[in-house]
>>> print(open('input_26.cif').read())   # mmCIF, C-alpha atoms
data_run
loop_
_atom_site.label_atom_id
_atom_site.label_comp_id
_atom_site.auth_asym_id
_atom_site.auth_seq_id
_atom_site.Cartn_x
_atom_site.Cartn_y
_atom_site.Cartn_z
CA MET A 265 15.84 -49.30 0.16
CA ARG A 266 12.05 -49.12 -0.24
CA VAL A 267 11.92 -46.27 2.27
CA LEU A 268 14.49 -44.35 0.23
CA THR A 269 12.52 -44.97 -2.96
CA ALA A 270 9.29 -43.72 -1.36
CA THR A 271 11.06 -40.60 -0.06
CA ALA A 272 12.64 -39.86 -3.46
CA LEU A 273 9.29 -40.38 -5.17
CA GLY A 274 7.53 -37.91 -2.85
CA LEU A 275 10.30 -35.34 -3.27
CA ALA A 276 10.37 -35.68 -7.06
CA ALA A 277 6.59 -35.32 -7.28
CA ALA A 278 6.68 -32.12 -5.17
CA PHE A 279 9.41 -30.58 -7.34
CA ALA A 280 7.66 -31.64 -10.54
CA LEU A 281 4.36 -30.08 -9.43
CA VAL A 282 5.90 -26.76 -8.35
CA LEU A 283 8.13 -26.50 -11.43
CA THR A 284 5.16 -27.20 -13.71
CA MET A 285 3.00 -24.64 -11.91
CA THR A 286 5.63 -21.92 -12.17
CA ALA A 287 6.49 -22.81 -15.77
CA ILE A 288 2.85 -22.40 -16.78
CA GLY A 289 2.66 -19.19 -14.74
CA ALA A 290 -0.24 -16.78 -14.54
CA PRO A 291 -1.97 -15.60 -17.73
CA THR A 292 -0.82 -12.13 -18.81
CA GLY A 293 -4.15 -11.14 -20.31
CA THR A 294 -4.68 -8.50 -22.96
CA THR A 295 -4.52 -4.72 -23.00
CA SER A 296 -7.85 -3.29 -21.93
CA PRO A 297 -9.78 -1.52 -24.69
CA LYS A 298 -10.99 1.04 -22.13
CA PRO A 299 -9.45 4.51 -22.45
CA LEU A 300 -7.53 6.57 -19.91
CA LEU A 301 -10.34 8.58 -18.34
CA THR A 302 -10.84 12.31 -18.92
CA THR A 303 -14.31 12.44 -17.39
CA VAL A 304 -15.39 11.74 -13.84
CA PRO A 305 -16.94 8.25 -13.59
CA LYS A 306 -20.22 8.07 -11.66
CA HIS A 307 -19.26 4.85 -9.87
CA PRO A 308 -16.30 2.40 -9.69
CA MET B 284 -0.04 -55.03 3.27
CA ARG B 285 0.61 -52.62 6.19
CA ARG B 286 4.17 -52.22 5.00
CA THR B 287 3.04 -51.07 1.55
CA ALA B 288 0.50 -48.67 3.04
CA SER B 289 3.14 -47.14 5.32
CA LEU B 290 5.47 -46.63 2.34
CA VAL B 291 2.73 -44.93 0.32
CA LEU B 292 1.94 -42.70 3.30
CA LEU B 293 5.65 -41.89 3.66
CA ALA B 294 5.85 -40.83 0.00
CA PHE B 295 2.83 -38.53 0.50
CA ALA B 296 4.30 -37.18 3.75
CA VAL B 297 7.53 -36.25 1.95
CA PHE B 298 5.52 -34.79 -0.96
CA PHE B 299 3.49 -32.43 1.24
CA THR B 300 6.40 -31.52 3.53
CA ALA B 301 8.58 -30.61 0.55
CA LEU B 302 5.71 -28.71 -1.06
CA SER B 303 5.45 -26.40 1.96
CA PRO B 304 8.76 -24.45 1.57
CA LEU B 305 8.67 -24.84 -2.22
CA MET B 306 5.28 -23.09 -2.31
CA ARG B 307 6.39 -20.22 -0.06
CA PHE B 308 9.92 -19.57 -1.30
CA TYR B 309 9.90 -20.81 -4.91
CA ALA B 310 6.35 -20.64 -6.25
CA PHE B 311 5.19 -17.44 -4.46
CA PRO B 312 7.76 -15.05 -6.05
CA ARG B 313 7.06 -16.59 -9.45
CA LEU B 314 3.27 -16.73 -9.25
CA ALA B 315 2.27 -13.63 -7.24
CA LYS B 316 2.47 -10.93 -9.89
CA ILE B 317 0.61 -7.86 -11.05
CA PRO B 318 -1.21 -8.89 -14.25
CA ALA B 319 0.28 -7.14 -17.29
CA GLY B 320 -3.17 -6.22 -18.59
CA GLN B 321 -4.56 -4.63 -15.44
CA TYR B 322 -6.92 -1.67 -15.79
CA GLN B 323 -7.92 0.40 -12.79
CA ASP B 324 -9.44 3.81 -12.21
CA MET B 325 -9.64 5.92 -9.08
CA VAL B 326 -11.46 9.13 -8.20
CA LEU B 327 -10.18 11.59 -5.63
CA GLU B 328 -11.85 14.83 -4.58
CA ALA B 329 -10.89 18.08 -2.88
CA ARG B 330 -13.93 19.76 -1.28
CA PRO B 331 -13.60 22.76 -1.26
CA ALA B 332 -10.52 23.73 -3.24
CA THR B 333 -8.73 26.79 -4.54
CA LEU B 334 -8.00 27.30 -8.23
CA VAL B 335 -6.43 30.13 -10.19
CA ASP B 336 -8.66 32.19 -12.46
CA TYR B 337 -6.46 32.65 -15.53
CA GLY B 338 -8.55 35.67 -16.61
CA THR B 339 -7.71 37.73 -13.52
CA MET B 340 -4.69 35.73 -12.33
CA LYS B 341 -6.30 35.60 -8.88
CA ALA B 342 -7.08 32.57 -6.71
CA LYS B 343 -10.73 31.66 -6.24
CA LYS B 344 -12.54 29.17 -4.00
CA VAL B 345 -14.44 26.43 -5.81
CA PRO B 346 -16.77 23.81 -4.30
CA GLU B 347 -14.78 20.85 -5.64
CA VAL B 348 -11.90 19.68 -7.75
CA THR B 349 -11.82 16.07 -8.91
CA ILE B 350 -8.78 14.00 -9.82
CA VAL B 351 -9.42 10.97 -12.01
CA GLN B 352 -6.49 8.58 -12.01
CA THR B 353 -6.38 5.71 -14.51
CA LEU B 354 -3.82 2.90 -14.74
CA LYS B 355 -3.78 0.77 -17.85
CA GLY B 356 -1.39 -2.10 -18.50
CA ASP B 357 0.15 -2.28 -21.97
CA VAL B 358 0.61 -6.02 -22.58
CA ALA B 359 2.43 -5.70 -25.92
CA ALA B 360 4.96 -3.25 -24.42
CA SER B 361 5.55 -5.48 -21.39
CA ASP B 362 6.12 -8.53 -23.65
CA ARG B 363 8.65 -6.51 -25.66
CA ILE B 364 10.54 -5.24 -22.60
CA GLU B 365 10.52 -8.68 -20.93
CA LYS B 366 12.61 -10.07 -23.80
CA THR B 367 15.55 -7.85 -22.85
CA ALA B 368 14.84 -7.44 -19.12
CA GLY B 369 14.78 -11.20 -18.54
CA ARG B 370 11.95 -10.96 -15.98
CA ASP B 371 8.23 -10.37 -15.84
CA VAL B 372 7.55 -6.71 -16.39
CA VAL B 373 4.42 -4.57 -16.16
CA VAL B 374 4.03 -1.38 -18.19
CA TRP B 375 1.44 1.00 -16.82
CA ASP B 376 0.20 3.98 -18.77
CA ALA B 377 -1.24 6.32 -16.17
CA LEU B 378 -3.19 9.53 -16.44
CA SER B 379 -3.93 11.94 -13.62
CA TYR B 380 -6.70 14.12 -14.95
CA VAL B 381 -7.68 17.08 -12.78
CA ALA B 382 -11.16 18.48 -13.46
CA GLY B 383 -12.66 21.69 -12.09
CA PRO B 384 -16.21 21.99 -10.71
CA ASP B 385 -17.53 22.43 -14.28
CA GLY B 386 -15.79 19.22 -15.39
CA LYS B 387 -13.29 21.13 -17.53
CA MET B 388 -9.64 20.15 -17.49
CA VAL B 389 -7.44 21.92 -14.93
CA SER B 390 -4.36 19.84 -15.67
CA GLN B 391 -3.46 16.38 -16.88
CA ILE B 392 -0.26 14.44 -16.42
CA PRO B 393 0.32 11.22 -18.35
CA GLU B 394 2.97 8.78 -17.17
CA ARG B 395 4.54 5.54 -18.27
CA TYR B 396 5.68 3.44 -15.32
CA ILE B 397 7.62 0.21 -15.96
CA PHE B 398 8.27 -2.17 -13.07
CA ASP B 399 8.99 -5.76 -12.02
CA ALA B 400 5.69 -7.64 -11.79
CA HIS B 401 6.52 -9.20 -8.40
CA SER B 402 9.04 -7.01 -6.59
CA GLN B 403 7.68 -3.66 -7.84
CA GLU B 404 11.28 -2.53 -8.57
CA PRO B 405 11.40 -0.01 -11.42
CA VAL B 406 12.62 -1.33 -14.76
CA HIS B 407 14.31 1.24 -16.97
CA ALA B 408 13.39 1.09 -20.62
CA THR B 409 12.68 3.47 -23.45
CA GLY B 410 9.31 5.10 -22.95
CA GLU B 411 9.55 5.59 -19.19
CA MET B 412 8.24 9.14 -18.77
CA VAL B 413 6.19 11.74 -16.94
CA ASP B 414 4.23 14.20 -19.08
CA GLY B 415 6.49 13.43 -22.04
CA ASP B 416 9.74 13.99 -20.12
CA PRO B 417 12.00 10.92 -19.90
CA VAL B 418 12.58 9.93 -16.27
CA HIS B 419 14.67 7.37 -14.43
CA ARG B 420 12.54 6.27 -11.48
CA ALA B 421 13.94 5.04 -8.19
CA GLY B 422 11.76 3.32 -5.61
CA ILE B 423 8.06 2.58 -5.88
CA GLU B 424 5.01 4.39 -7.20
CA PHE B 425 1.26 3.73 -6.86
CA LYS B 426 1.77 0.35 -5.13
CA TRP B 427 4.00 -1.32 -2.54
CA PRO B 428 5.57 -4.75 -3.08
CA PHE B 429 3.74 -7.85 -1.83
CA LEU B 430 4.36 -8.44 1.91
CA ALA B 431 5.17 -4.78 2.58
CA GLU B 432 7.30 -4.14 5.63
CA LYS B 433 7.07 -1.71 8.53
CA ARG B 434 9.82 0.56 7.23
CA ASP B 435 10.39 3.63 5.11
CA TYR B 436 10.31 3.17 1.33
CA VAL B 437 11.57 5.37 -1.48
CA TYR B 438 8.55 6.76 -3.37
CA PHE B 439 8.55 8.49 -6.74
CA ASP B 440 6.84 11.87 -7.01
CA ALA B 441 5.61 12.53 -10.55
CA GLN B 442 5.37 16.33 -10.19
CA THR B 443 9.01 16.82 -9.15
CA ARG B 444 10.22 13.76 -11.15
CA THR B 445 12.29 12.77 -8.11
CA SER B 446 12.15 10.06 -5.45
CA ALA B 447 12.16 10.67 -1.71
CA PRO B 448 11.50 8.57 1.40
CA ILE B 449 7.91 7.83 2.39
CA HIS B 450 7.87 7.17 6.12
CA TYR B 451 6.11 4.33 7.93
CA LYS B 452 4.09 5.98 10.68
CA GLY B 453 2.34 3.04 12.30
CA THR B 454 -0.28 0.36 11.90
CA ARG B 455 -3.96 1.29 11.69
CA THR B 456 -7.27 -0.50 11.17
CA PHE B 457 -9.16 0.65 8.08
CA HIS B 458 -12.53 -0.86 7.10
CA GLY B 459 -11.66 -4.02 9.05
CA LEU B 460 -8.22 -4.39 7.45
CA GLN B 461 -4.91 -4.02 9.23
CA VAL B 462 -2.99 -1.43 7.20
CA TYR B 463 0.35 0.36 7.37
CA TYR B 464 0.15 4.15 7.30
CA PHE B 465 2.84 6.01 5.28
CA GLU B 466 3.50 9.73 4.96
CA GLN B 467 5.66 11.76 2.60
CA THR B 468 6.14 15.50 2.52
CA ILE B 469 7.48 17.15 -0.60
CA PRO B 470 8.73 20.64 0.32
CA TRP B 471 8.09 23.62 -1.97
CA THR B 472 9.84 22.66 -5.21
CA ARG B 473 9.90 24.28 -8.63
CA VAL B 474 8.21 21.90 -11.05
CA PRO B 475 7.71 21.94 -14.83
CA LEU B 476 4.53 23.44 -16.24
CA PRO B 477 2.13 20.81 -17.61
CA LYS B 478 2.43 20.25 -21.36
CA LYS B 479 -1.34 20.75 -21.70
CA MET B 480 -2.46 24.03 -20.19
CA PRO B 481 -6.13 24.60 -19.26
CA VAL B 482 -6.43 27.80 -21.32
CA LYS B 483 -6.54 27.57 -25.10
CA GLY B 484 -3.66 29.34 -26.84
CA ILE B 485 -1.41 29.34 -23.78
CA THR B 486 1.53 26.99 -23.96
CA PRO B 487 4.03 26.15 -21.22
CA GLN B 488 6.76 27.60 -23.44
CA ALA B 489 4.92 30.93 -23.61
CA VAL B 490 4.48 31.03 -19.82
CA GLU B 491 8.16 30.14 -19.31
CA LYS B 492 9.15 32.92 -21.70
CA MET B 493 7.27 35.37 -19.49
CA GLY B 494 9.40 34.17 -16.57
CA THR B 495 6.52 32.73 -14.55
CA THR B 496 7.37 29.52 -12.70
CA ARG B 497 5.27 26.76 -11.11
CA TRP B 498 5.91 25.58 -7.54
CA TYR B 499 4.42 22.68 -5.64
CA THR B 500 4.31 21.12 -2.20
CA THR B 501 2.33 18.18 -0.90
CA LYS B 502 1.80 15.99 2.11
CA ARG B 503 1.03 12.52 0.79
CA MET B 504 -0.73 10.01 3.07
CA LEU B 505 -1.27 6.39 2.09
CA TRP B 506 -2.88 3.47 3.94
CA VAL B 507 -1.35 0.28 2.57
CA GLU B 508 -2.64 -3.25 3.04
CA PRO B 509 0.68 -5.06 3.71
CA VAL B 510 -0.05 -8.54 2.27
CA THR B 511 -0.94 -7.27 -1.22
CA GLY B 512 1.01 -3.99 -0.95
CA ALA B 513 -2.03 -2.19 -2.32
CA PRO B 514 -3.04 1.23 -0.97
CA VAL B 515 -6.66 1.12 0.22
CA ASN B 516 -6.87 4.82 1.00
CA GLY B 517 -4.97 7.90 -0.08
CA GLN B 518 -5.03 11.58 0.74
CA GLU B 519 -2.93 14.58 -0.22
CA ILE B 520 -2.71 18.10 1.14
CA HIS B 521 -1.72 19.60 -2.16
CA LYS B 522 -0.64 23.18 -3.00
CA GLU B 523 0.54 24.63 -6.30
CA GLU B 524 1.59 28.21 -6.99
CA LEU B 525 2.52 30.28 -10.01
CA ARG B 526 5.27 32.75 -9.15
CA GLY B 527 6.77 35.88 -10.68
CA GLY B 528 7.40 36.80 -14.29
CA ASP B 529 5.26 39.06 -16.44
CA LEU B 530 2.08 37.27 -15.35
CA LEU B 531 2.71 38.13 -11.68
CA PRO B 532 4.97 41.16 -11.64
CA GLY B 533 6.87 42.32 -8.58
CA GLY B 534 7.63 38.79 -7.42
CA GLY B 535 3.96 38.08 -6.88
CA LYS B 536 2.50 34.62 -6.53
CA VAL B 537 -0.92 33.05 -6.88
CA THR B 538 -2.33 29.70 -5.79
CA ALA B 539 -2.89 27.60 -8.91
CA PHE B 540 -4.48 24.71 -7.01
CA ALA B 541 -4.85 23.94 -3.32
CA GLY B 542 -6.96 21.42 -1.52
CA HIS B 543 -7.17 18.40 0.73
CA VAL B 544 -7.56 15.61 -1.79
CA LYS B 545 -9.32 12.44 -0.58
CA MET B 546 -10.42 9.21 -2.25
CA ARG B 547 -14.15 9.21 -3.03
CA ASP B 548 -16.09 6.97 -0.62
CA ASP B 549 -17.44 4.58 -3.29
CA TYR B 550 -13.89 4.05 -4.60
CA VAL B 551 -12.62 3.38 -1.07
CA ALA B 552 -15.30 0.69 -0.65
CA SER B 553 -14.57 -0.95 -4.01
CA THR B 554 -10.79 -0.84 -3.42
CA VAL B 555 -11.18 -2.43 0.01
CA ALA B 556 -13.36 -5.21 -1.45
CA LEU B 557 -10.85 -5.86 -4.26
CA VAL B 558 -7.88 -5.89 -1.88
CA LYS B 559 -9.66 -8.25 0.53
CA SER B 560 -10.15 -10.84 -2.25
CA ARG B 561 -6.56 -10.50 -3.54
CA ARG B 562 -5.25 -10.69 0.02
CA THR B 563 -6.77 -14.17 0.40
CA LEU B 564 -5.00 -15.36 -2.77
CA VAL B 565 -1.62 -14.05 -1.59
CA LEU B 566 -2.14 -15.56 1.87
CA LEU B 567 -2.94 -18.88 0.21
CA LEU B 568 0.57 -18.95 -1.31
CA THR B 569 2.44 -17.45 1.65
CA SER B 570 0.65 -18.90 4.64
CA TYR B 571 -2.43 -21.11 4.30
CA LEU B 572 -1.00 -23.67 1.84
CA PRO B 573 2.60 -23.84 3.21
CA TRP B 574 1.45 -24.33 6.81
CA GLY B 575 -1.39 -26.64 5.77
CA PHE B 576 0.97 -28.83 3.72
CA LEU B 577 3.47 -28.95 6.58
CA ALA B 578 0.79 -30.08 9.05
CA LEU B 579 -0.53 -32.64 6.56
CA GLY B 580 3.00 -33.93 5.92
CA ALA B 581 3.63 -34.34 9.65
CA ALA B 582 0.31 -36.16 10.17
CA LEU B 583 0.98 -38.53 7.26
CA LEU B 584 4.50 -39.23 8.54
CA ALA B 585 3.13 -40.06 11.99
CA LEU B 586 0.53 -42.38 10.44
CA SER B 587 3.17 -44.01 8.27
CA LEU B 588 5.45 -44.65 11.27
CA HIS B 589 2.52 -46.00 13.26
CA LEU B 590 1.65 -48.51 10.50
CA GLU B 591 5.29 -49.47 10.11
CA ALA B 592 5.61 -50.09 13.85
CA ARG B 593 2.48 -52.28 13.83
CA SER B 594 3.71 -54.28 10.87
CA ARG B 595 6.97 -55.07 12.71
CA ARG B 596 5.27 -56.11 15.97
CA PRO B 597 5.71 -59.86 16.51
CA ALA B 598 2.54 -61.91 16.11
CA GLY B 599 0.53 -62.33 19.39
CA PRO B 600 0.28 -65.66 21.24
CA GLY B 601 -1.81 -68.22 19.39
CA PRO B 602 -4.52 -70.38 20.89
CA ALA B 603 -3.44 -72.41 23.94
CA PRO B 604 -2.09 -75.85 22.92
CA GLN B 605 -4.54 -78.69 23.46
CA PRO B 606 -3.55 -81.14 26.19
CA PRO B 607 -2.50 -84.49 24.75
CA LEU B 608 -5.26 -86.96 24.61
CA SER B 609 -4.76 -89.66 27.15
CA PRO B 610 -5.59 -93.20 26.12
CA ALA B 611 -8.81 -94.32 27.59
#
>>> encode(input="input_26.cif", output="C-alpha cells")
Amino acid sequence: MRVLTATALGLAAAFALVLTMTAIGAPTGTTSPKPLLTTVPKHP
Amino acid sequence: MRRTASLVLLAFAVFFTALSPLMRFYAFPRLAKIPAGQYQDMVLEARPATLVDYGTMKAKKVPEVTIVQTLKGDVAASDRIEKTAGRDVVVWDALSYVAGPDGKMVSQIPERYIFDAHSQEPVHATGEMVDGDPVHRAGIEFKWPFLAEKRDYVYFDAQTRTSAPIHYKGTRTFHGLQVYYFEQTIPWTRVPLPKKMPVKGITPQAVEKMGTTRWYTTKRMLWVEPVTGAPVNGQEIHKEELRGGDLLPGGGKVTAFAGHVKMRDDYVASTVALVKSRRTLVLLLTSYLPWGFLALGAALLALSLHLEARSRRPAGPGPAPQPPLSPA
C-alpha cells in the first residue's frame, strides 16, 4: 500500500509540474518598435 | 528508517521517469515556439548583378545589388487571431527591400505571413498577403518546423504566390553545424509587377496597359539547421525579365534583375551564433532533459530497491551465548 502511495505521489508531482509549466507557457513579448528596413544595415 | 528512505527514493524515481516522456512529448510541443514578438533582419548581396536601366530599357551590369529582408512579429495581431484559431499563432510582417548600388530602391515586396508558432503550418486569416494581394499559403516559408526531417517540404514562393516542393539534397557541415541542404527551382513564370515601381510616375497599372509583362525564375538554396528548423545560409540564382508590350516592341525582352544572391558574411556568422544557442534550448527539451531524467529515475529506482532489500534482510547472528557458569 505504501509503495502504491509513493508511486502515485511521484506520478502526480510529475504531471503537476509539466501541466503548470505548459500552462504558464513562454512569454509572448511585445511588438518591436524597430521599423521594417529600407536601408542597408552596416552590421547585424 | 531504511524502509522510509526507500519509499521516498521510489517516489522520486517515478517522478523523474514520468517526467522524461512528459517533457519530450507533452511539454516540448507546447513550450518550443517562435516568440510572437520576434524581430529579425537579414542582408543578402548579389555581386555583380544585372539591372534594367528604365531610361534606355536596356540591361546594365552593376557592382552590387543588396536585398534587406526584415521579419517583424505583430503581437496584437497574433493575440487577435489566436482567439479564433485556438492555437498559438505568429504573425510576421516581412519586407524584402531590394536596393541598387546607389542605395535606391529597385523593388520592395511586403508580406504578411501567419503560422502556427510550433508546427510552422500556415494559419489562414484576414490580412495574409503578398504585396497587398491576398494569398492562401500552403507549406512553409522562411523557416522549417522544429526537428526538420530529411525529406522534401512544400515551400511558398512570394513572387509567384504559389507553393512548390523544396527538395532535400543531403546533409552538409556548415560552420561546425550539421545542416540539411534544400533546393527549389521555380521555372520561368509570369509574375505580377511590384506595387511600388522604382521610377517615379510609373505605376504597375500603366506598365500593364502597355502590355509589358514581368517574368521570373529562381534556384533557391537553403542550409537548414534541423533541430531549430532555422536556415543558417541562403542563396538564390535569381533572374527577372520584362517582356513585350509597347516598352519592348517586337516581342523583345530585357533583364530587370539577375544575380547570384548570397547572405552577407557578417549575417551568416550572427545567424549561426543565434541558431547554436537556440539549438541548445531545443535539445534540452527533446534530448538532454528526457534522457537525463530517465537515467536519474532508473538510478533512484535501483537505489530504492537496494535499500528495500537491505531493510528486509534478517538480522545477523548476535554475540555467541556465554557458557553457563559452573558452580565452583
>>> interface_residues(input="input_26.cif", of="chain A", to="chain B", cutoff="7 Å", atoms="all atoms listed in the file", output="number ranges by chain")
A: 267, 270-271, 273-275, 277-278, 282, 286, 289-290, 292-296, 300-302, 304, 307-308
>>> resolve_selection(input="input_26.cif", expression="the PyMOL selection byres ((chain B and resi 419) around 10)", output="list in words")
Tyr396, Pro405, Val406, His407, Ala408, Glu411, Met412, Val413, Pro417, Val418, Arg420, Ala421, Phe439, Arg444, Thr445 and Ser446 of chain B
>>> closest_residue(input="input_26.cif", among="B:Arg595, B:Arg434, B:His589, B:Lys559", to="Gly459 in chain B", atoms="all atoms listed in the file")
B:Lys559
>>> atom_distance(input="input_26.cif", atom1="CA of Leu531 in chain B", atom2="CA of Ala329 in chain B")
25.8 Å
>>> closest_residue(input="input_26.cif", among="B:Thr468, B:Leu568, B:Pro384, B:Gly422", to="Thr303 in chain A", atoms="all atoms listed in the file")
B:Pro384
>>> closest_residue(input="input_26.cif", among="B:Ala431, B:Ala582, B:Ala489, B:Met504", to="Gly528 in chain B", atoms="all atoms listed in the file")
B:Ala489
>>> closest_residue(input="input_26.cif", among="B:Lys452, B:His543, B:Lys426, B:His521", to="Glu347 in chain B", atoms="all atoms listed in the file")
B:His543
>>> resolve_selection(input="input_26.cif", expression="the PyMOL selection byres ((chain B and resi 517) around 9)", output="PyMOL selection string")
chain B and resi 327+503-507+514-516+518-519+544-546+551
>>> atom_distance(input="input_26.cif", atom1="CA of Thr495 in chain B", atom2="CA of Lys341 in chain B")
14.3 Å
>>> residues_near_point(input="input_26.cif", point="(-3.4, 36.0, -7.3)", cutoff="9 Å", atoms="only C-alpha atoms", output="PyMOL selection string")
chain B and resi 335-336+339-343+525+531+535-539
>>> atom_distance(input="input_26.cif", atom1="CA of Gln442 in chain B", atom2="CA of Lys478 in chain B")
12.2 Å
>>> resolve_selection(input="input_26.cif", expression="the PyMOL selection byres ((chain B and resi 498) around 10)", output="ChimeraX atom specification")
/B:442-443,470-476,496-497,499-500,522-526,536,538-539
>>> residues_around(input="input_26.cif", residues="range 447-451 of chain B", least_positions_apart="3", cutoff="8 Å", atoms="all atoms listed in the file", output="ChimeraX atom specification")
/B:433-440,463-468
